[in-house]
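Listing of entry_19.pdb, PDB, C-alpha atoms
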MODEL        1
ATOM      1  CA  MET A 210      -8.157 -15.553  -0.113
ATOM      2  CA  GLN A 211      -5.471 -15.219   2.547
ATOM      3  CA  TYR A 212      -2.055 -13.869   1.580
ATOM      4  CA  THR A 213       1.249 -15.046   2.983
ATOM      5  CA  PRO A 214       3.651 -12.222   3.869
ATOM      6  CA  GLN A 215       5.524 -12.944   0.624
ATOM      7  CA  ASP A 216       2.256 -12.751  -1.327
ATOM      8  CA  LEU A 217       1.685  -9.310   0.156
ATOM      9  CA  LYS A 218       5.227  -8.248  -0.677
ATOM     10  CA  GLN A 219       4.591  -9.212  -4.299
ATOM     11  CA  VAL A 220       1.369  -7.185  -4.368
ATOM     12  CA  MET A 221       3.187  -4.171  -2.922
ATOM     13  CA  SER A 222       5.911  -4.316  -5.558
ATOM     14  CA  SER A 223       3.919  -2.808  -8.433
ATOM     15  CA  GLY A 224       0.877  -0.731  -9.213
ATOM     16  CA  LEU A 225      -0.915   2.178  -7.583
ATOM     17  CA  LEU A 226      -2.104   1.994  -3.979
ATOM     18  CA  SER A 227      -4.723   4.157  -2.311
ATOM     19  CA  PHE A 228      -6.232   4.957   1.072
ATOM     20  CA  PRO A 229     -10.017   5.251   0.947
ATOM     21  CA  LEU A 230     -11.707   7.837   3.097
ATOM     22  CA  THR A 231     -13.690   6.591   6.081
ATOM     23  CA  ASP A 232     -17.336   7.617   5.817
ATOM     24  CA  PHE A 233     -18.935   9.454   8.732
ATOM     25  CA  ASP A 234     -22.545  10.566   9.008
ATOM     26  CA  ALA A 235     -23.689  14.062   9.952
ATOM     27  CA  HIS A 236     -23.082  13.247  13.624
ATOM     28  CA  GLY A 237     -19.551  12.042  12.924
ATOM     29  CA  ASP A 238     -20.344   8.356  13.434
ATOM     30  CA  PHE A 239     -19.101   5.611  11.099
ATOM     31  CA  ASP A 240     -21.378   5.143   8.094
ATOM     32  CA  ALA A 241     -20.918   1.515   7.026
ATOM     33  CA  LYS A 242     -23.324   1.729   4.087
ATOM     34  CA  GLY A 243     -21.611   4.811   2.673
ATOM     35  CA  TYR A 244     -18.192   3.251   3.186
ATOM     36  CA  ALA A 245     -19.169   0.071   1.343
ATOM     37  CA  ALA A 246     -20.554   2.121  -1.546
ATOM     38  CA  ARG A 247     -17.293   4.095  -1.713
ATOM     39  CA  LEU A 248     -15.197   0.944  -1.906
ATOM     40  CA  GLU A 249     -17.473  -0.535  -4.580
ATOM     41  CA  TRP A 250     -17.007   2.656  -6.619
ATOM     42  CA  LEU A 251     -13.218   2.724  -6.291
ATOM     43  CA  ALA A 252     -12.421  -0.995  -6.619
ATOM     44  CA  PRO A 253     -12.784  -1.298 -10.426
ATOM     45  CA  TYR A 254     -10.431   1.594 -11.263
ATOM     46  CA  GLY A 255      -7.343  -0.574 -10.973
ATOM     47  CA  ALA A 256      -5.578   0.149  -7.674
ATOM     48  CA  THR A 257      -3.361  -2.772  -6.655
ATOM     49  CA  ALA A 258      -4.548  -2.596  -3.039
ATOM     50  CA  LEU A 259      -6.680  -0.387  -0.812
ATOM     51  CA  PHE A 260      -5.649   0.605   2.712
ATOM     52  CA  ALA A 261      -8.653   0.628   5.043
ATOM     53  CA  ALA A 262      -8.492   2.987   8.024
ATOM     54  CA  GLY A 263      -5.186   4.477   6.963
ATOM     55  CA  GLY A 264      -4.044   8.055   7.399
ATOM     56  CA  THR A 265      -6.453   9.434   4.788
ATOM     57  CA  GLY A 266      -9.080   7.207   6.401
ATOM     58  CA  GLU A 267      -8.547   9.097   9.690
ATOM     59  CA  PHE A 268      -7.191   6.127  11.635
ATOM     60  CA  PHE A 269      -5.959   8.567  14.279
ATOM     61  CA  SER A 270      -9.550   9.546  15.134
ATOM     62  CA  LEU A 271     -11.059   6.053  15.336
ATOM     63  CA  THR A 272     -11.977   4.241  18.533
ATOM     64  CA  GLY A 273     -11.033   0.682  19.358
ATOM     65  CA  GLU A 274     -14.723  -0.228  19.229
ATOM     66  CA  GLU A 275     -15.213   1.172  15.717
ATOM     67  CA  TYR A 276     -12.079  -0.188  14.138
ATOM     68  CA  PRO A 277     -12.970  -3.895  13.671
ATOM     69  CA  GLY A 278     -16.244  -3.027  11.957
ATOM     70  CA  ILE A 279     -14.519  -0.686   9.520
ATOM     71  CA  ILE A 280     -11.980  -3.326   8.520
ATOM     72  CA  GLN A 281     -14.646  -6.019   8.284
ATOM     73  CA  THR A 282     -16.767  -3.802   6.019
ATOM     74  CA  ALA A 283     -13.780  -3.222   3.744
ATOM     75  CA  VAL A 284     -12.866  -6.913   3.583
ATOM     76  CA  ASP A 285     -16.433  -8.032   2.913
ATOM     77  CA  THR A 286     -17.017  -5.365   0.251
ATOM     78  CA  CYS A 287     -13.765  -5.943  -1.643
ATOM     79  CA  ARG A 288     -13.499  -9.725  -1.342
ATOM     80  CA  GLY A 289     -12.351 -11.108  -4.696
ATOM     81  CA  LYS A 290     -11.868  -7.602  -6.108
ATOM     82  CA  VAL A 291      -8.883  -5.949  -4.471
ATOM     83  CA  PRO A 292      -6.704  -6.766  -1.418
ATOM     84  CA  ILE A 293      -7.342  -4.825   1.793
ATOM     85  CA  ILE A 294      -4.480  -3.701   3.979
ATOM     86  CA  ALA A 295      -5.515  -2.258   7.329
ATOM     87  CA  GLY A 296      -3.995   0.713   9.078
ATOM     88  CA  ALA A 297      -2.755   0.027  12.617
ATOM     89  CA  GLY A 298      -0.848   2.247  14.978
ATOM     90  CA  GLY A 299      -0.772   4.211  18.190
ATOM     91  CA  PRO A 300       0.582   2.723  21.444
ATOM     92  CA  THR A 301       2.069  -0.743  21.095
ATOM     93  CA  ARG A 302      -0.761  -2.613  22.808
ATOM     94  CA  PHE A 303      -3.405  -0.711  20.868
ATOM     95  CA  ALA A 304      -1.531  -1.338  17.611
ATOM     96  CA  ILE A 305      -1.466  -5.042  18.463
ATOM     97  CA  GLN A 306      -5.221  -5.008  19.140
ATOM     98  CA  CYS A 307      -5.787  -3.396  15.738
ATOM     99  CA  ALA A 308      -3.433  -5.778  13.952
ATOM    100  CA  GLN A 309      -5.080  -8.841  15.467
ATOM    101  CA  ALA A 310      -8.573  -7.495  14.730
ATOM    102  CA  ALA A 311      -7.555  -6.879  11.107
ATOM    103  CA  GLU A 312      -6.151 -10.393  10.775
ATOM    104  CA  LYS A 313      -9.327 -11.863  12.277
ATOM    105  CA  ALA A 314     -11.444  -9.833   9.846
ATOM    106  CA  GLY A 315      -9.573 -11.297   6.884
ATOM    107  CA  ALA A 316      -7.417  -8.323   5.891
ATOM    108  CA  HIS A 317      -4.324  -9.192   3.872
ATOM    109  CA  GLY A 318      -1.848  -7.300   6.051
ATOM    110  CA  ILE A 319      -1.322  -4.062   7.959
ATOM    111  CA  LEU A 320       0.416  -0.753   7.507
ATOM    112  CA  LEU A 321       1.965   0.055  10.880
ATOM    113  CA  LEU A 322       1.539   3.786  11.387
ATOM    114  CA  PRO A 323       3.592   5.783  13.938
ATOM    115  CA  HIS A 324       2.968   5.330  17.652
ATOM    116  CA  TYR A 325       2.257   9.093  17.996
ATOM    117  CA  LEU A 326       3.311  11.896  20.354
ATOM    118  CA  THR A 327       6.228  10.611  22.394
ATOM    119  CA  GLU A 328       9.712  10.438  20.956
ATOM    120  CA  ALA A 329      11.597   7.162  21.277
ATOM    121  CA  GLY A 330      15.080   5.873  20.619
ATOM    122  CA  GLN A 331      15.880   3.229  18.041
ATOM    123  CA  GLU A 332      15.874   0.469  20.677
ATOM    124  CA  GLY A 333      12.326   1.343  21.669
ATOM    125  CA  LEU A 334      11.157   1.646  18.064
ATOM    126  CA  ILE A 335      12.599  -1.776  17.284
ATOM    127  CA  ALA A 336      10.801  -3.285  20.287
ATOM    128  CA  HIS A 337       7.532  -1.633  19.223
ATOM    129  CA  VAL A 338       7.629  -2.840  15.615
ATOM    130  CA  GLU A 339       8.838  -6.304  16.644
ATOM    131  CA  ALA A 340       6.003  -6.719  19.159
ATOM    132  CA  VAL A 341       3.384  -5.863  16.540
ATOM    133  CA  CYS A 342       4.947  -8.107  13.891
ATOM    134  CA  LYS A 343       5.105 -11.062  16.289
ATOM    135  CA  SER A 344       1.464 -10.618  17.321
ATOM    136  CA  VAL A 345       0.200 -11.632  13.856
ATOM    137  CA  GLN A 346       1.074 -14.004  11.024
ATOM    138  CA  PHE A 347       0.236 -11.862   7.994
ATOM    139  CA  GLY A 348       2.467  -9.259   6.378
ATOM    140  CA  VAL A 349       3.425  -5.946   7.981
ATOM    141  CA  ILE A 350       4.523  -2.730   6.256
ATOM    142  CA  VAL A 351       6.153  -0.139   8.511
ATOM    143  CA  TYR A 352       5.478   3.552   7.913
ATOM    144  CA  ASN A 353       8.542   5.724   8.506
ATOM    145  CA  ARG A 354       7.139   9.104   9.522
ATOM    146  CA  ASN A 355       7.095  11.698  12.286
ATOM    147  CA  VAL A 356       8.226  10.101  15.581
ATOM    148  CA  CYS A 357       8.920   6.700  13.963
ATOM    149  CA  LYS A 358      12.062   7.118  11.864
ATOM    150  CA  LEU A 359      13.939   3.851  11.647
ATOM    151  CA  THR A 360      17.571   3.766  10.578
ATOM    152  CA  PRO A 361      18.998   1.264   8.086
ATOM    153  CA  GLU A 362      20.631  -0.542  11.010
ATOM    154  CA  SER A 363      17.330  -0.815  12.885
ATOM    155  CA  LEU A 364      15.535  -2.087   9.793
ATOM    156  CA  ALA A 365      18.217  -4.739   9.307
ATOM    157  CA  ILE A 366      17.673  -5.936  12.891
ATOM    158  CA  LEU A 367      13.905  -6.025  12.383
ATOM    159  CA  ALA A 368      14.256  -7.847   9.066
ATOM    160  CA  ASP A 369      16.217 -10.584  10.828
ATOM    161  CA  ARG A 370      13.796 -10.874  13.739
ATOM    162  CA  CYS A 371      10.508 -10.476  11.865
ATOM    163  CA  PRO A 372      10.091 -12.504   8.650
ATOM    164  CA  ASN A 373       6.610 -11.030   8.166
ATOM    165  CA  LEU A 374       7.937  -7.453   8.044
ATOM    166  CA  ILE A 375       7.892  -7.194   4.256
ATOM    167  CA  GLY A 376       7.391  -3.531   3.418
ATOM    168  CA  PHE A 377       8.781  -0.068   4.087
ATOM    169  CA  LYS A 378       6.788   3.067   3.405
ATOM    170  CA  ASP A 379       8.551   6.406   3.526
ATOM    171  CA  GLY A 380       6.743   9.526   4.679
ATOM    172  CA  VAL A 381       9.849  11.559   5.569
ATOM    173  CA  GLY A 382      11.281  12.578   2.207
ATOM    174  CA  ASP A 383      14.942  12.448   3.216
ATOM    175  CA  ILE A 384      16.599  11.338  -0.024
ATOM    176  CA  GLU A 385      19.908  10.442   1.643
ATOM    177  CA  ALA A 386      18.174   8.302   4.278
ATOM    178  CA  MET A 387      15.960   6.619   1.689
ATOM    179  CA  SER A 388      18.957   5.793  -0.496
ATOM    180  CA  SER A 389      20.810   4.387   2.525
ATOM    181  CA  ILE A 390      17.867   2.172   3.440
ATOM    182  CA  TYR A 391      17.439   0.900  -0.111
ATOM    183  CA  MET A 392      21.152   0.198  -0.517
ATOM    184  CA  ARG A 393      21.267  -1.620   2.829
ATOM    185  CA  MET A 394      18.089  -3.665   2.522
ATOM    186  CA  GLY A 395      17.799  -4.240  -1.237
ATOM    187  CA  ASP A 396      14.945  -6.539  -2.217
ATOM    188  CA  ARG A 397      14.278  -7.669   1.369
ATOM    189  CA  PHE A 398      11.403  -5.147   1.428
ATOM    190  CA  ALA A 399       8.807  -3.794  -0.932
ATOM    191  CA  TYR A 400       9.177   0.009  -0.921
ATOM    192  CA  LEU A 401       6.362   2.552  -1.032
ATOM    193  CA  GLY A 402       6.422   6.300  -1.450
ATOM    194  CA  GLY A 403       4.152   7.775   1.196
ATOM    195  CA  LEU A 404       4.563  11.537   1.322
ATOM    196  CA  PRO A 405       1.333  13.580   1.229
ATOM    197  CA  THR A 406       0.250  14.083  -2.409
ATOM    198  CA  ALA A 407       2.823  11.490  -3.414
ATOM    199  CA  GLU A 408       2.445  12.243  -7.125
ATOM    200  CA  VAL A 409       4.682  15.295  -6.702
ATOM    201  CA  TYR A 410       7.555  13.038  -5.606
ATOM    202  CA  ALA A 411       6.762   9.971  -7.708
ATOM    203  CA  ALA A 412       9.412  10.359 -10.429
ATOM    204  CA  ALA A 413      12.163  11.076  -7.896
ATOM    205  CA  TYR A 414      11.209   8.081  -5.768
ATOM    206  CA  LYS A 415      11.110   5.814  -8.792
ATOM    207  CA  ALA A 416      14.712   6.798  -9.504
ATOM    208  CA  LEU A 417      15.577   5.744  -5.930
ATOM    209  CA  GLY A 418      14.177   2.260  -6.464
ATOM    210  CA  THR A 419      10.693   3.019  -5.108
ATOM    211  CA  PRO A 420       8.307   2.896  -8.087
ATOM    212  CA  VAL A 421       5.162   2.268  -6.000
ATOM    213  CA  TYR A 422       3.280   4.998  -4.156
ATOM    214  CA  SER A 423      -0.076   5.632  -2.538
ATOM    215  CA  SER A 424      -2.452   8.168  -4.051
ATOM    216  CA  ALA A 425      -4.859  10.169  -1.911
ATOM    217  CA  VAL A 426      -6.456  11.914  -4.917
ATOM    218  CA  PHE A 427      -7.550   8.476  -6.176
ATOM    219  CA  ASN A 428     -10.433   9.074  -3.753
ATOM    220  CA  PHE A 429     -12.025  11.651  -6.044
ATOM    221  CA  ILE A 430     -10.184  11.670  -9.395
ATOM    222  CA  PRO A 431      -9.396   7.952  -9.804
ATOM    223  CA  LYS A 432      -9.087   8.089 -13.590
ATOM    224  CA  THR A 433      -6.551  10.930 -13.414
ATOM    225  CA  ALA A 434      -4.690   9.217 -10.567
ATOM    226  CA  MET A 435      -4.310   6.075 -12.686
ATOM    227  CA  GLN A 436      -3.296   8.171 -15.706
ATOM    228  CA  PHE A 437      -0.563   9.841 -13.665
ATOM    229  CA  TYR A 438       0.660   6.505 -12.307
ATOM    230  CA  GLU A 439       0.869   5.106 -15.825
ATOM    231  CA  ALA A 440       2.888   8.160 -16.862
ATOM    232  CA  VAL A 441       5.305   7.498 -13.989
ATOM    233  CA  ARG A 442       5.513   3.795 -14.839
ATOM    234  CA  THR A 443       6.361   4.507 -18.490
ATOM    235  CA  ASP A 444       8.541   7.570 -17.834
ATOM    236  CA  ASP A 445       6.098   9.765 -19.742
ATOM    237  CA  MET A 446       7.432  13.071 -18.426
ATOM    238  CA  ALA A 447       5.251  15.183 -20.716
ATOM    239  CA  THR A 448       2.051  13.814 -19.138
ATOM    240  CA  GLN A 449       3.506  14.049 -15.649
ATOM    241  CA  HIS A 450       4.506  17.685 -16.112
ATOM    242  CA  ARG A 451       1.170  18.595 -17.695
ATOM    243  CA  LEU A 452      -0.813  17.155 -14.802
ATOM    244  CA  LEU A 453       1.563  18.629 -12.220
ATOM    245  CA  ARG A 454       1.105  22.102 -13.714
ATOM    246  CA  GLN A 455      -2.592  21.722 -14.442
ATOM    247  CA  PHE A 456      -3.744  20.101 -11.215
ATOM    248  CA  PHE A 457      -1.255  18.997  -8.576
ATOM    249  CA  MET A 458       0.674  22.226  -7.964
ATOM    250  CA  PRO A 459      -2.497  24.386  -7.641
ATOM    251  CA  TYR A 460      -3.953  21.596  -5.479
ATOM    252  CA  LEU A 461      -0.933  21.829  -3.167
ATOM    253  CA  ALA A 462      -1.504  25.566  -2.821
ATOM    254  CA  ILE A 463      -4.947  24.852  -1.339
ATOM    255  CA  ARG A 464      -3.776  21.895   0.730
ATOM    256  CA  ASN A 465      -0.969  23.897   2.326
ATOM    257  CA  LYS A 466      -3.240  26.656   3.624
ATOM    258  CA  THR A 467      -4.006  24.811   6.868
ATOM    259  CA  GLN A 468      -2.344  21.979   8.769
ATOM    260  CA  GLY A 469      -4.358  18.795   8.402
ATOM    261  CA  TYR A 470      -5.807  19.790   5.051
ATOM    262  CA  ALA A 471      -4.023  16.827   3.421
ATOM    263  CA  VAL A 472      -6.993  14.761   4.644
ATOM    264  CA  SER A 473      -9.655  17.481   4.599
ATOM    265  CA  ILE A 474      -9.068  18.364   0.950
ATOM    266  CA  VAL A 475      -9.568  14.742  -0.065
ATOM    267  CA  LYS A 476     -12.927  14.611   1.705
ATOM    268  CA  ALA A 477     -13.808  17.893   0.017
ATOM    269  CA  GLY A 478     -12.893  16.469  -3.381
ATOM    270  CA  ALA A 479     -15.006  13.359  -2.801
ATOM    271  CA  ALA A 480     -17.991  15.536  -1.902
ATOM    272  CA  LEU A 481     -17.515  17.638  -5.040
ATOM    273  CA  VAL A 482     -17.603  14.596  -7.348
ATOM    274  CA  GLY A 483     -20.765  13.215  -5.755
ATOM    275  CA  HIS A 484     -19.284  10.728  -3.299
ATOM    276  CA  PRO A 485     -19.420  12.601   0.022
ATOM    277  CA  ALA A 486     -17.851  10.922   3.048
ATOM    278  CA  GLY A 487     -19.167  13.328   5.657
ATOM    279  CA  PRO A 488     -17.144  15.797   7.718
ATOM    280  CA  VAL A 489     -13.656  15.219   9.064
ATOM    281  CA  ARG A 490     -13.437  14.592  12.780
ATOM    282  CA  PRO A 491     -11.718  17.080  15.095
ATOM    283  CA  PRO A 492      -8.960  18.078  15.419
ATOM    284  CA  LEU A 493      -9.114  18.326  11.621
ATOM    285  CA  SER A 494     -11.272  21.005  10.033
ATOM    286  CA  ASP A 495     -13.146  21.063   6.738
ATOM    287  CA  LEU A 496     -12.283  23.326   3.811
ATOM    288  CA  LYS A 497     -13.822  26.804   3.671
ATOM    289  CA  PRO A 498     -16.407  27.607   0.940
ATOM    290  CA  ALA A 499     -13.948  29.671  -1.111
ATOM    291  CA  GLU A 500     -11.421  26.839  -0.990
ATOM    292  CA  MET A 501     -14.101  24.392  -2.099
ATOM    293  CA  GLU A 502     -14.760  26.594  -5.135
ATOM    294  CA  GLN A 503     -11.062  26.649  -6.002
ATOM    295  CA  LEU A 504     -10.876  22.872  -5.721
ATOM    296  CA  LYS A 505     -14.017  22.438  -7.834
ATOM    297  CA  ALA A 506     -12.474  24.468 -10.641
ATOM    298  CA  LEU A 507      -9.385  22.261 -10.613
ATOM    299  CA  ILE A 508     -11.451  19.063 -10.707
ATOM    300  CA  ASP A 509     -13.808  20.303 -13.424
ATOM    301  CA  GLN A 510     -11.040  21.014 -15.907
ATOM    302  CA  LEU A 511      -9.839  17.387 -15.664
ATOM    303  CA  GLY A 512     -13.016  16.119 -17.286
ATOM    304  CA  PRO A 513     -15.162  13.063 -16.419
ATOM    305  CA  GLN A 514     -13.626  10.451 -14.171
TER     306      GLN A 514
ENDMDL
END

Rewritten as structure tokens:
Amino acid sequence: MQYTPQDLKQVMSSGLLSFPLTDFDAHGDFDAKGYAARLEWLAPYGATALFAAGGTGEFFSLTGEEYPGIIQTAVDTCRGKVPIIAGAGGPTRFAIQCAQAAEKAGAHGILLLPHYLTEAGQEGLIAHVEAVCKSVQFGVIVYNRNVCKLTPESLAILADRCPNLIGFKDGVGDIEAMSSIYMRMGDRFAYLGGLPTAEVYAAAYKALGTPVYSSAVFNFIPKTAMQFYEAVRTDDMATQHRLLRQFFMPYLAIRNKTQGYAVSIVKAGAALVGHPAGPVRPPLSDLKPAEMEQLKALIDQLGPQ
């Protein structure tokens, strides 16, 4: 089933989202069979949509040759089960190649990740996002993070020029900026919380008008991730605080030991629960044995998933 941009906006307006890991074999090559098995495992847990080849899926390390096959595997595996939104990003022309490949593969939309490395003014960022949006017909969600930080004024311009720009994901964490964007744009966009380990910020973002977020830990503790989302949805602060104390804050202590561990720790968690996705690709590095033991203890006390 193909989604119109407005269909995608509706999907993005409620529920828990997640970014599946991308499976690599021992040589670091894409493992399509392992990836399909991962998606089949995760699909029934109740995520509203899965983002193939997103940040947690190591989009930044994928080649242009690999990318279409990864998206096609996700679409074929999850057809009729859960919508697939593809990650796309990097230089404008490469982002367009990814977006068009994702649309051809039958994905339901894209998350436009930052262009990476070089800084750019608002005029250039607008031109970049507009070019990608106009290269496809399906829905686009822009990811505000790192070198791509759009102002409310820029988003208003893009909203006028690009009807298929239907979502805004925040990975900056600037409350004032987020409030300004929400007040300016209102219901023109679906809004997603997208900071690493988004559960820590979920209640605050809900208060800002952003009740939807993406969960990385869904990759290895899907039952707990859904339990936490339900606690956020129903304003069950007791459950939120219990899980934050019991799991998320100690988890952050491990994650923050090394830059890039926000992805590495998720792959470590998947391996510990019996769904290994292989090593991370350089420049990321895998967790150390002692850190794996610490993570295992945190997962074990949550009980069966």

The PyMOL selection byres ((chain A and resi 232) around 7) resolved against shown file, as a ChimeraX atom specification: /A:230-231,233-234,239-240,243-244,486-487

A:Ala310, A:Met435, A:Ile474, A:Met221 ranked by distance to Ile375 of chain A, top pick (using only C-alpha atoms): A:Met221

Evaluate the PyMOL selection byres ((chain A and resi 327) around 10) and report residues as a PyMOL selection string: chain A and resi 300+324-326+328-329+356-357

Expected selection from the PyMOL selection byres ((chain A and resi 342) around 10), given as a list in words: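 So the PyMOL selection byres ((chain A and resi 342) around 10), applied here, picks out Ile305, Ala308, Ile319, Leu321, Ala336, His337, Val338, Glu339, Ala340, Val341, Lys343, Ser344, Val345, Gln346, Phe347, Gly348, Val349, Ile350, Val351, Leu367, Arg370, Cys371, Pro372, Asn373 and Leu374 of chain A.
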
Selection near Lys476 of chain A, 10 Å with all atoms listed in the file, sequence-local residues under 4 positions removed, as a ChimeraX atom specification: /A:229-232,265-266,425-426,428-429,470-472,480-481,484-489,495-496

Radius query 12 Å about (-8.0, -7.6, 17.2), atoms used: all atoms listed in the file, as number ranges by chain: A: 273-278, 280-281, 295, 297, 302-316, 319, 341, 344-345

Gln331 of chain A environment, 9 Å, all atoms listed in the file, sequence neighbours closer than 3 positions dropped, as a list in words: Leu334, Ile335, Ala336, Cys357, Lys358, Leu359, Thr360 and Ser363 of chain A

Neighbour list for Tyr438 of chain A as an MDAnalysis selection string, cut-off 9 Å, all atoms listed in the file, skip fewer than 2 positions in-chain: chainID A and resid 224:225 408 411 421:422 424 433:436 440:443 449

Top pick for closest residue to Gln211 of chain A, considering A:Pro253, A:Ile279, A:Thr286, A:His317 and counting only C-alpha atoms: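 Among A:Pro253, A:Ile279, A:Thr286, A:His317, it is A:His317 that comes nearest to Gln211 of chain A.
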
Å distance separating atom CA of Pro405 of chain A from atom CA of Gly380 of chain A, one decimal place: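 So the answer is 7.6 Å.
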
Computed interatomic separation between atom CA of Ala258 of chain A and atom CA of Val409 of chain A (Å):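 Interatomic distance, atom CA of Ala258 of chain A to atom CA of Val409 of chain A: 20.5 Å.
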
Shell of 9 Å around segment 387-396 of chain A, all atoms listed in the file, local chain residues under 4 positions omitted, as a VMD selection string: chain A and resid 360 to 362 364 to 365 368 379 381 to 383 400 414 417 to 419

A:Leu251, A:Leu404, A:Ala477, A:Val482 ranked by distance to Pro498 of chain A, top pick (using all atoms listed in the file):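 The shortest atom-to-atom distance to Pro498 of chain A comes from A:Ala477.
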
Residue nearest Gly263 of chain A among A:Phe427, A:Phe228, A:Phe456, A:Trp250 (counting only C-alpha atoms):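 Among the listed residues, A:Phe228 lies closest to Gly263 of chain A.
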
Of the listed residues A:Thr282, A:Gln455, A:Thr272, A:Ser227, that which approaches Arg490 of chain A most closely, counting only C-alpha atoms: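 Of the candidates, the smallest distance to Arg490 of chain A is held by A:Thr272.
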
Counting all atoms listed in the file, the option among A:Ala412, A:Thr213, A:Asp369, A:Ser222 closest to Asp445 of chain A: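 Of A:Ala412, A:Thr213, A:Asp369, A:Ser222, the one nearest Asp445 of chain A is A:Ala412, counting all atoms listed in the file.
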